[in-house]
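Visitor: Questions regarding the structure given below will be posed in turn.
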Amino acid sequence: MSQLDANVIPVSRSKLDVRKLSSLAMLTALTYLAMLLSKILPQVMFLQMEIKSVVVAICGFLFGPVSAAAVSIVVALIELFTVSDTGIMGCIMNALAACAFACPAAFVYRKVHTRKGAVIGLSVGVVTLVGVMLLWNWLITPVYMGYPREAVAGLLLPVFLPFNLLKAGLNGLGTFLICPPAAKALVRAGLLQKEEHYGA
């Protein structure tokens with residue numbers, strides 16, 4: 001390797017790192033804004049629609065599941081220290097819900113980088129989120145809300161299952177529709193390398 005090559009490669013990697021960090025910082029800010037918007041949506045008991053998972057999943061599609069997990073955790077922590085009224089348990093649930101949806105979807109999409117892969121990945125994310133949230137509600141809600149476990153178990157199928165299916169399904173549809181134009185916008189802004197995404 002020539003001296004010129006030795007000098008050029010680190011600079012190239014540095015530019016890529018700066019672009020990725022800038023993109024992740026912007027997506028983190030957008031995730032936080034989406035979380036704030038979710039708080040004005042109608043809420044049933046403690047069940048709330050969360051549109052921030054769309055931004056987290058787009059982050060995962062563009063940069064991988066590890067980046068999606070990092071954004072989920074960072075935003076959950078920022079929420080904990082700014083606007084949250086649910087404490088540490090709410091923080092854990094928020095990070096867990098976003099990761100359960102976005103990380104499996106991103107993992108599948110990175111393996112099958114096509115429209116079909118996106119659909120399969122998002123479907124896996126929906127199933128994972130619903131399963132994780134049902135388990136979480138059964139284990140934690142009796143402790144967190146003070147409800148009898150039998151009462152919570154009775155709500156799993158008629159209340160928690162359809163709510164989480166609706167939430168996860170809408171997030172999956174939103175991710176599928178928004179990811180390609182989001183990728184194009186980041187490429188135009190110089191924050192993402194040109195790469196093919198479904199619909200691009």
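Residues are referred to by chain and number: the chain letter is A, B, ... according to the order shown in the structure tokens, the number counts from 1 in that chain, and ligands are numbered separately from 1 in the order shown.
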What are the closest atom pairs, with distances in Å to one decimal, for each residue of segment 44-72 of chain A lying within 6 Å of segment 104-122 of chain A, using only C-alpha atoms, rows by chain and rising residue number, as JSON lines?
Guide:
```
{"residue": "A:Gly60", "atom": "CA", "partner": "A:Ala106", "partner_atom": "CA", "distance": 4.9}
{"residue": "A:Phe61", "atom": "CA", "partner": "A:Ala106", "partner_atom": "CA", "distance": 4.9}
{"residue": "A:Gly64", "atom": "CA", "partner": "A:Ala106", "partner_atom": "CA", "distance": 5.8}
{"residue": "A:Pro65", "atom": "CA", "partner": "A:Ala106", "partner_atom": "CA", "distance": 5.2}
```
Visitor: Keeping only N, CA and C atoms, write the selected residues as a PDB file, in the first residue's frame.
Guide:
```
ATOM      1  N   GLY A  60     -32.870   1.638  11.787  1.00  0.00           N
ATOM      2  CA  GLY A  60     -32.374   0.270  11.682  1.00  0.00           C
ATOM      3  C   GLY A  60     -32.227  -0.184  10.246  1.00  0.00           C
ATOM      4  N   PHE A  61     -33.174   0.183   9.387  1.00  0.00           N
ATOM      5  CA  PHE A  61     -33.094  -0.190   7.976  1.00  0.00           C
ATOM      6  C   PHE A  61     -31.886   0.450   7.301  1.00  0.00           C
ATOM      7  N   GLY A  64     -28.627  -0.425  10.456  1.00  0.00           N
ATOM      8  CA  GLY A  64     -28.505  -1.709  11.119  1.00  0.00           C
ATOM      9  C   GLY A  64     -29.155  -1.759  12.492  1.00  0.00           C
ATOM     10  N   PRO A  65     -29.367  -2.975  13.008  1.00  0.00           N
ATOM     11  CA  PRO A  65     -30.086  -3.156  14.276  1.00  0.00           C
ATOM     12  C   PRO A  65     -29.373  -2.569  15.490  1.00  0.00           C
TER      13      PRO A  65
END
```
Visitor: Would you mind telling me which residue in A:Ala102, A:Tyr32, A:Lys20, A:Glu50 lies nearest to Ala76 of chain A when using only C-alpha atoms?
Guide: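 Among the listed residues, the smallest separation from Ala76 of chain A belongs to A:Tyr32.
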Visitor: Find the residues near segment 99-101 of chain A: any atom within 12 Å, counting only C-alpha atoms, skip ones fewer than 4 places away on the same chain, and give them as a PyMOL selection string.
Guide: chain A and resi 50-61+64-76+92-95+105-108+121-134+136+164-165+167-172+175
Visitor: Output the selection as an mmCIF file, in the first residue's frame - C-alpha atoms for each residue.
Guide:
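The resulting file, out_39.cif, is reproduced below:
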```cif
data_model
loop_
_atom_site.group_PDB
_atom_site.id
_atom_site.type_symbol
_atom_site.label_atom_id
_atom_site.label_comp_id
_atom_site.auth_asym_id
_atom_site.auth_seq_id
_atom_site.Cartn_x
_atom_site.Cartn_y
_atom_site.Cartn_z
ATOM 1 C CA GLU A 50 -46.157 5.350 19.794
ATOM 2 C CA ILE A 51 -45.030 6.628 16.411
ATOM 3 C CA LYS A 52 -41.388 6.940 17.446
ATOM 4 C CA SER A 53 -40.834 3.281 16.564
ATOM 5 C CA VAL A 54 -41.245 4.247 12.898
ATOM 6 C CA VAL A 55 -38.192 6.509 13.105
ATOM 7 C CA VAL A 56 -36.240 3.891 15.045
ATOM 8 C CA ALA A 57 -37.076 1.219 12.462
ATOM 9 C CA ILE A 58 -36.018 3.520 9.616
ATOM 10 C CA CYS A 59 -32.744 4.047 11.473
ATOM 11 C CA GLY A 60 -32.374 0.270 11.682
ATOM 12 C CA PHE A 61 -33.094 -0.190 7.976
ATOM 13 C CA GLY A 64 -28.505 -1.709 11.119
ATOM 14 C CA PRO A 65 -30.086 -3.156 14.276
ATOM 15 C CA VAL A 66 -27.309 -2.006 16.625
ATOM 16 C CA SER A 67 -27.893 1.624 15.634
ATOM 17 C CA ALA A 68 -31.638 1.173 16.115
ATOM 18 C CA ALA A 69 -31.064 -0.213 19.611
ATOM 19 C CA ALA A 70 -28.724 2.660 20.472
ATOM 20 C CA VAL A 71 -31.254 5.293 19.359
ATOM 21 C CA SER A 72 -34.035 3.508 21.274
ATOM 22 C CA ILE A 73 -32.056 3.464 24.513
ATOM 23 C CA VAL A 74 -30.779 7.038 24.207
ATOM 24 C CA VAL A 75 -34.259 8.449 23.543
ATOM 25 C CA ALA A 76 -35.778 6.403 26.378
ATOM 26 C CA ILE A 92 -37.275 0.183 30.255
ATOM 27 C CA MET A 93 -40.618 -0.493 28.569
ATOM 28 C CA ASN A 94 -40.097 2.300 26.030
ATOM 29 C CA ALA A 95 -36.642 1.058 25.029
ATOM 30 C CA ALA A 105 -37.020 -5.903 11.324
ATOM 31 C CA ALA A 106 -33.631 -4.312 10.635
ATOM 32 C CA PHE A 107 -31.776 -7.608 11.094
ATOM 33 C CA VAL A 108 -33.938 -9.369 8.496
ATOM 34 C CA GLY A 121 -38.594 -7.982 8.474
ATOM 35 C CA LEU A 122 -41.425 -5.673 9.474
ATOM 36 C CA SER A 123 -43.748 -8.659 9.898
ATOM 37 C CA VAL A 124 -41.199 -10.276 12.204
ATOM 38 C CA GLY A 125 -40.953 -6.970 14.074
ATOM 39 C CA VAL A 126 -44.724 -6.828 14.516
ATOM 40 C CA VAL A 127 -44.882 -10.378 15.875
ATOM 41 C CA THR A 128 -41.901 -9.794 18.180
ATOM 42 C CA LEU A 129 -43.311 -6.546 19.546
ATOM 43 C CA VAL A 130 -46.719 -8.072 20.232
ATOM 44 C CA GLY A 131 -45.175 -11.082 21.974
ATOM 45 C CA VAL A 132 -42.801 -9.006 24.079
ATOM 46 C CA MET A 133 -45.507 -6.542 25.093
ATOM 47 C CA LEU A 134 -47.961 -9.290 26.077
ATOM 48 C CA TRP A 136 -44.302 -7.503 29.693
ATOM 49 C CA ASN A 164 -50.441 -3.960 20.246
ATOM 50 C CA LEU A 165 -51.308 -5.517 16.888
ATOM 51 C CA LYS A 167 -49.855 -0.202 17.057
ATOM 52 C CA ALA A 168 -47.239 -2.516 15.567
ATOM 53 C CA GLY A 169 -49.107 -2.832 12.265
ATOM 54 C CA LEU A 170 -49.385 0.944 11.834
ATOM 55 C CA ASN A 171 -45.712 1.342 12.711
ATOM 56 C CA GLY A 172 -44.796 -1.328 10.172
ATOM 57 C CA THR A 175 -41.836 2.408 8.186
#
```
Visitor: Would you compute the distance between atom CA of Ala182 of chain A and atom CA of Ser38 of chain A? Give it in Å to one decimal.
Guide: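 Distance reported for this atom pair: 20.1 Å.
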Visitor: Figure out the distance between atom CA of Thr31 of chain A and atom CA of Val18 of chain A, please, to one decimal in Å.
Guide: 19.7 Å
